[in-house]
file query.cif (mmCIF, C-alpha atoms)
data_data
#
loop_
_atom_site.group_PDB
_atom_site.id
_atom_site.type_symbol
_atom_site.label_atom_id
_atom_site.label_comp_id
_atom_site.auth_asym_id
_atom_site.auth_seq_id
_atom_site.Cartn_x
_atom_site.Cartn_y
_atom_site.Cartn_z
ATOM 1 C CA MET V 1 -2.599 7.217 -2.911
ATOM 2 C CA ARG V 2 0.686 9.074 -3.310
ATOM 3 C CA ILE V 3 3.624 8.829 -0.947
ATOM 4 C CA PRO V 4 4.236 12.361 0.320
ATOM 5 C CA VAL V 5 7.651 13.711 1.239
ATOM 6 C CA LEU V 6 8.043 14.145 4.997
ATOM 7 C CA GLU V 7 10.822 16.257 6.505
ATOM 8 C CA THR V 8 12.307 16.195 10.004
ATOM 9 C CA ASP V 9 15.295 17.988 11.462
ATOM 10 C CA ARG V 10 17.746 15.413 10.135
ATOM 11 C CA LEU V 11 15.747 13.246 7.753
ATOM 12 C CA HIS V 12 14.097 13.397 4.354
ATOM 13 C CA LEU V 13 11.421 10.697 3.947
ATOM 14 C CA ARG V 14 10.590 10.059 0.303
ATOM 15 C CA ALA V 15 9.172 7.423 -2.009
ATOM 16 C CA PHE V 16 11.477 4.609 -3.037
ATOM 17 C CA VAL V 17 12.814 4.593 -6.592
ATOM 18 C CA PRO V 18 14.220 1.612 -8.525
ATOM 19 C CA SER V 19 17.788 2.918 -8.164
ATOM 20 C CA ASP V 20 17.500 2.433 -4.367
ATOM 21 C CA ALA V 21 17.511 -1.356 -4.787
ATOM 22 C CA ALA V 22 21.265 -1.905 -4.397
ATOM 23 C CA VAL V 23 21.397 0.064 -1.144
ATOM 24 C CA VAL V 24 18.279 -1.689 0.178
ATOM 25 C CA GLN V 25 19.857 -5.053 -0.698
ATOM 26 C CA THR V 26 23.024 -4.168 1.219
ATOM 27 C CA LEU V 27 21.450 -2.550 4.280
ATOM 28 C CA ALA V 28 18.445 -4.831 4.731
ATOM 29 C CA GLY V 29 20.639 -7.812 3.905
ATOM 30 C CA ALA V 30 22.703 -7.445 7.076
ATOM 31 C CA ALA V 31 22.218 -10.336 9.478
ATOM 32 C CA GLU V 32 21.751 -7.865 12.355
ATOM 33 C CA VAL V 33 18.808 -6.218 10.577
ATOM 34 C CA ALA V 34 17.093 -9.519 9.828
ATOM 35 C CA ALA V 35 17.589 -10.659 13.435
ATOM 36 C CA THR V 36 15.682 -7.653 14.813
ATOM 37 C CA THR V 37 12.750 -7.468 12.372
ATOM 38 C CA LEU V 38 9.628 -9.520 11.840
ATOM 39 C CA ASN V 39 9.656 -9.789 8.046
ATOM 40 C CA ILE V 40 13.216 -9.579 6.730
ATOM 41 C CA GLU V 41 14.991 -12.844 6.074
ATOM 42 C CA HIS V 42 18.688 -13.589 5.998
ATOM 43 C CA PRO V 43 20.303 -14.109 3.651
ATOM 44 C CA TYR V 44 18.361 -11.456 1.780
ATOM 45 C CA PRO V 45 17.495 -13.014 -1.604
ATOM 46 C CA ASP V 46 18.862 -11.552 -4.824
ATOM 47 C CA GLY V 47 16.153 -9.537 -6.570
ATOM 48 C CA ALA V 48 14.128 -9.111 -3.378
ATOM 49 C CA ALA V 49 14.910 -5.406 -3.094
ATOM 50 C CA GLU V 50 13.695 -4.701 -6.624
ATOM 51 C CA ALA V 51 10.516 -6.712 -6.061
ATOM 52 C CA TRP V 52 9.865 -5.024 -2.712
ATOM 53 C CA ILE V 53 10.316 -1.522 -4.189
ATOM 54 C CA CYS V 54 7.902 -2.387 -7.020
ATOM 55 C CA GLY V 55 5.398 -3.685 -4.450
ATOM 56 C CA VAL V 56 5.681 -0.493 -2.405
ATOM 57 C CA GLY V 57 4.265 1.507 -5.286
ATOM 58 C CA GLU V 58 1.494 -1.010 -5.891
ATOM 59 C CA ARG V 59 0.436 -1.069 -2.217
ATOM 60 C CA ALA V 60 0.395 2.741 -2.106
ATOM 61 C CA GLY V 61 -1.671 2.891 -5.290
ATOM 62 C CA GLU V 62 -4.197 0.508 -3.747
ATOM 63 C CA GLY V 63 -4.279 2.480 -0.471
ATOM 64 C CA ARG V 64 -2.939 -0.495 1.518
ATOM 65 C CA ALA V 65 0.379 0.924 2.707
ATOM 66 C CA LEU V 66 2.795 3.807 2.406
ATOM 67 C CA ALA V 67 6.542 3.259 2.626
ATOM 68 C CA TRP V 68 9.282 5.843 2.778
ATOM 69 C CA ALA V 69 12.988 5.710 2.104
ATOM 70 C CA ILE V 70 14.717 7.241 5.108
ATOM 71 C CA VAL V 71 17.404 9.577 3.796
ATOM 72 C CA ASN V 72 19.915 11.467 5.921
ATOM 73 C CA ARG V 73 19.320 15.106 4.909
ATOM 74 C CA PHE V 74 22.971 16.099 5.233
ATOM 75 C CA GLU V 75 24.676 13.292 3.327
ATOM 76 C CA MET V 76 21.529 12.574 1.224
ATOM 77 C CA GLU V 77 22.120 8.850 1.621
ATOM 78 C CA LEU V 78 19.498 6.162 2.068
ATOM 79 C CA ILE V 79 19.801 4.705 5.577
ATOM 80 C CA GLY V 80 16.580 2.696 6.070
ATOM 81 C CA ALA V 81 12.854 2.364 5.522
ATOM 82 C CA ILE V 82 9.641 3.021 7.394
ATOM 83 C CA SER V 83 6.113 2.114 6.399
ATOM 84 C CA ILE V 84 2.576 2.280 7.629
ATOM 85 C CA GLY V 85 0.218 -0.502 6.646
ATOM 86 C CA LEU V 86 -3.292 0.893 6.254
ATOM 87 C CA TYR V 87 -6.505 -0.780 7.345
ATOM 88 C CA SER V 88 -9.021 1.790 6.132
ATOM 89 C CA ARG V 89 -12.120 0.041 7.430
ATOM 90 C CA HIS V 90 -10.786 0.414 10.960
ATOM 91 C CA GLN V 91 -8.867 3.683 10.401
ATOM 92 C CA ARG V 92 -5.789 1.902 11.708
ATOM 93 C CA GLY V 93 -2.156 1.954 10.648
ATOM 94 C CA GLU V 94 0.677 -0.415 11.540
ATOM 95 C CA LEU V 95 4.252 0.853 11.602
ATOM 96 C CA GLY V 96 7.062 -1.256 10.197
ATOM 97 C CA TYR V 97 10.676 -0.211 9.837
ATOM 98 C CA TRP V 98 14.316 -1.143 9.530
ATOM 99 C CA LEU V 99 17.517 0.862 9.687
ATOM 100 C CA GLY V 100 20.944 0.022 8.290
ATOM 101 C CA VAL V 101 23.436 -0.966 10.981
ATOM 102 C CA PRO V 102 25.792 2.015 10.347
ATOM 103 C CA SER V 103 22.935 4.355 11.388
ATOM 104 C CA TRP V 104 21.898 2.556 14.583
ATOM 105 C CA ASN V 105 21.835 4.337 17.953
ATOM 106 C CA ARG V 106 21.584 7.876 16.576
ATOM 107 C CA GLY V 107 17.857 8.510 17.048
ATOM 108 C CA TYR V 108 17.054 8.409 13.336
ATOM 109 C CA MET V 109 14.346 5.775 13.590
ATOM 110 C CA THR V 110 12.635 7.559 16.454
ATOM 111 C CA GLU V 111 12.610 10.745 14.368
ATOM 112 C CA ALA V 112 11.101 8.881 11.415
ATOM 113 C CA ALA V 113 8.522 7.045 13.558
ATOM 114 C CA VAL V 114 7.337 10.282 15.156
ATOM 115 C CA ALA V 115 6.922 11.880 11.702
ATOM 116 C CA VAL V 116 5.011 8.918 10.243
ATOM 117 C CA THR V 117 2.794 8.551 13.323
ATOM 118 C CA LYS V 118 1.947 12.258 13.165
ATOM 119 C CA HIS V 119 1.240 11.942 9.427
ATOM 120 C CA GLY V 120 -1.027 8.981 10.120
ATOM 121 C CA PHE V 121 -3.148 10.910 12.583
ATOM 122 C CA GLU V 122 -3.142 14.304 10.886
ATOM 123 C CA ALA V 123 -3.123 13.579 7.153
ATOM 124 C CA LEU V 124 -4.539 10.064 6.948
ATOM 125 C CA ASN V 125 -7.170 10.599 9.648
ATOM 126 C CA LEU V 126 -6.246 7.372 11.424
ATOM 127 C CA HIS V 127 -7.901 6.533 14.706
ATOM 128 C CA ARG V 128 -5.077 4.223 15.799
ATOM 129 C CA VAL V 129 -1.397 3.638 15.041
ATOM 130 C CA GLU V 130 0.222 0.423 16.241
ATOM 131 C CA ALA V 131 3.460 -1.512 15.974
ATOM 132 C CA MET V 132 4.497 -5.093 16.630
ATOM 133 C CA VAL V 133 8.012 -5.607 17.939
ATOM 134 C CA LEU V 134 10.117 -8.480 19.164
ATOM 135 C CA PRO V 135 10.281 -8.154 22.987
ATOM 136 C CA ARG V 136 14.019 -8.862 22.854
ATOM 137 C CA ASN V 137 14.557 -5.793 20.635
ATOM 138 C CA GLY V 138 14.994 -3.062 23.242
ATOM 139 C CA ALA V 139 15.960 -0.447 20.635
ATOM 140 C CA SER V 140 12.699 -0.953 18.731
ATOM 141 C CA ILE V 141 10.703 -0.775 21.947
ATOM 142 C CA ARG V 142 12.337 2.576 22.749
ATOM 143 C CA VAL V 143 11.491 3.825 19.226
ATOM 144 C CA VAL V 144 7.774 3.087 19.503
ATOM 145 C CA GLU V 145 7.542 4.381 23.055
ATOM 146 C CA LYS V 146 9.227 7.652 22.061
ATOM 147 C CA ALA V 147 6.770 7.880 19.145
ATOM 148 C CA GLY V 148 3.944 7.845 21.718
ATOM 149 C CA LEU V 149 2.838 4.218 21.469
ATOM 150 C CA ALA V 150 2.131 2.350 24.704
ATOM 151 C CA TYR V 151 2.625 -1.323 25.494
ATOM 152 C CA GLU V 152 -0.661 -3.238 25.174
ATOM 153 C CA GLY V 153 0.315 -6.885 25.458
ATOM 154 C CA THR V 154 2.373 -9.785 24.176
ATOM 155 C CA LEU V 155 1.307 -12.480 21.747
ATOM 156 C CA ARG V 156 3.173 -15.646 22.662
ATOM 157 C CA GLY V 157 4.771 -17.644 19.844
ATOM 158 C CA TYR V 158 3.152 -15.328 17.290
ATOM 159 C CA VAL V 159 5.778 -15.394 14.521
ATOM 160 C CA ARG V 160 8.296 -17.889 13.280
ATOM 161 C CA LYS V 161 11.794 -16.701 12.430
ATOM 162 C CA GLY V 162 13.635 -19.580 10.866
ATOM 163 C CA THR V 163 12.854 -22.537 13.085
ATOM 164 C CA VAL V 164 12.069 -20.527 16.236
ATOM 165 C CA PHE V 165 8.652 -19.263 17.294
ATOM 166 C CA GLU V 166 8.918 -15.813 18.846
ATOM 167 C CA ASP V 167 6.703 -13.639 20.980
ATOM 168 C CA VAL V 168 5.552 -10.274 19.625
ATOM 169 C CA ALA V 169 4.764 -7.248 21.774
ATOM 170 C CA ILE V 170 2.020 -4.902 20.593
ATOM 171 C CA TYR V 171 2.272 -1.148 21.108
ATOM 172 C CA GLY V 172 -0.425 1.319 20.125
ATOM 173 C CA GLN V 173 -1.740 4.845 20.320
ATOM 174 C CA VAL V 174 -5.288 6.012 19.786
ATOM 175 C CA ASN V 175 -5.903 9.463 18.338
ATOM 176 C CA GLU V 176 -7.845 10.980 21.225
ATOM 177 C CA TRP V 177 -7.948 14.383 19.498
ATOM 178 C CA GLY V 178 -9.466 13.222 16.234
ATOM 179 C CA LYS V 179 -12.696 11.814 17.657
#
call {"tool": "encode", "arguments": {"input": "query.cif", "output": "C-alpha cells"}}
result
Amino acid sequence: MRIPVLETDRLHLRAFVPSDAAVVQTLAGAAEVAATTLNIEHPYPDGAAEAWICGVGERAGEGRALAWAIVNRFEMELIGAISIGLYSRHQRGELGYWLGVPSWNRGYMTEAAVAVTKHGFEALNLHRVEAMVLPRNGASIRVVEKAGLAYEGTLRGYVRKGTVFEDVAIYGQVNEWGK
C-alpha cells in the first residue's frame, strides 16, 4: 500500500523520507510531546527516528498502517506526524499523532486529523475510525472531537508511562454512509 499525498488548506501530508529523521528526533524528542502521547518516550533514543521512519514504510507495504509527515505548506517545514493503524479484518483504523511544540495551538493537528479520517472512510473504505487519548490531554480530545469522533469510554490504568499507569479515553466514529 502506498502513502498518498493529502492536501489541506495549510498542510501537505506526505510520506516520510530518511532525511526527515533529524527533525523527527528534535520535535518528537521534546519532553512535552512525550508527556502527551501514548507511545513516545523521553528521552527520545538516538537512532529511534531513523528506525521509526524505516518501519513506517514497512507497515505501509504490509497494509498495517499509513503514516504521514505533516508539513506546513507555506514554510514547507515538517511539524509533526499522523498515522492510521489499519485492522483490515474489521475495516477499522486507529489514529495516532504528535505535533512539535512550536506548532501547538494553531489548529494544525485538527486539520490533519480531519483529512486522515476522511481518507480512511472514503479511500480506504473503513467502517470505523478511532483514537485513544490520555484524558488529561484536553488538546488531543478537542482534536478528535473536531475530527468527528465521539467519546465512547475510558479504560482505567490501560497504559504505563514510566512508572505510572494511566487511563485512556476511546473516541470513535462509524461510517454511517458507507454501509
call {"tool": "resolve_selection", "arguments": {"input": "query.cif", "expression": "the PyMOL selection byres ((chain V and resi 115) around 10)", "output": "PyMOL selection string"}}
result
chain V and resi 6-8+11+13+109-114+116-120+147
call {"tool": "residues_around", "arguments": {"input": "query.cif", "residues": "range 68-81 of chain V", "least_positions_apart": "4", "cutoff": "8 Å", "atoms": "only C-alpha atoms", "output": "list in words"}}
result
Ile3, Arg10, Leu11, His12, Leu13, Arg14, Ala15, Phe16, Asp20, Val23, Val24, Leu27, Ala28, Tyr97, Trp98, Leu99, Gly100, Ser103 and Ala112 of chain V
call {"tool": "residues_near_point", "arguments": {"input": "query.cif", "point": "(-4.1, 3.4, 19.6)", "cutoff": "7 Å", "atoms": "all atoms listed in the file", "output": "PyMOL selection string"}}
result
chain V and resi 127-130+172-175
call {"tool": "closest_residue", "arguments": {"input": "query.cif", "among": "V:Ala48, V:Val164, V:Val101, V:Ile82", "to": "Ala30 in chain V", "atoms": "only C-alpha atoms"}}
result
V:Val101
call {"tool": "atom_distance", "arguments": {"input": "query.cif", "atom1": "CA of Phe121 in chain V", "atom2": "CA of Gly148 in chain V"}}
result
12.0 Å
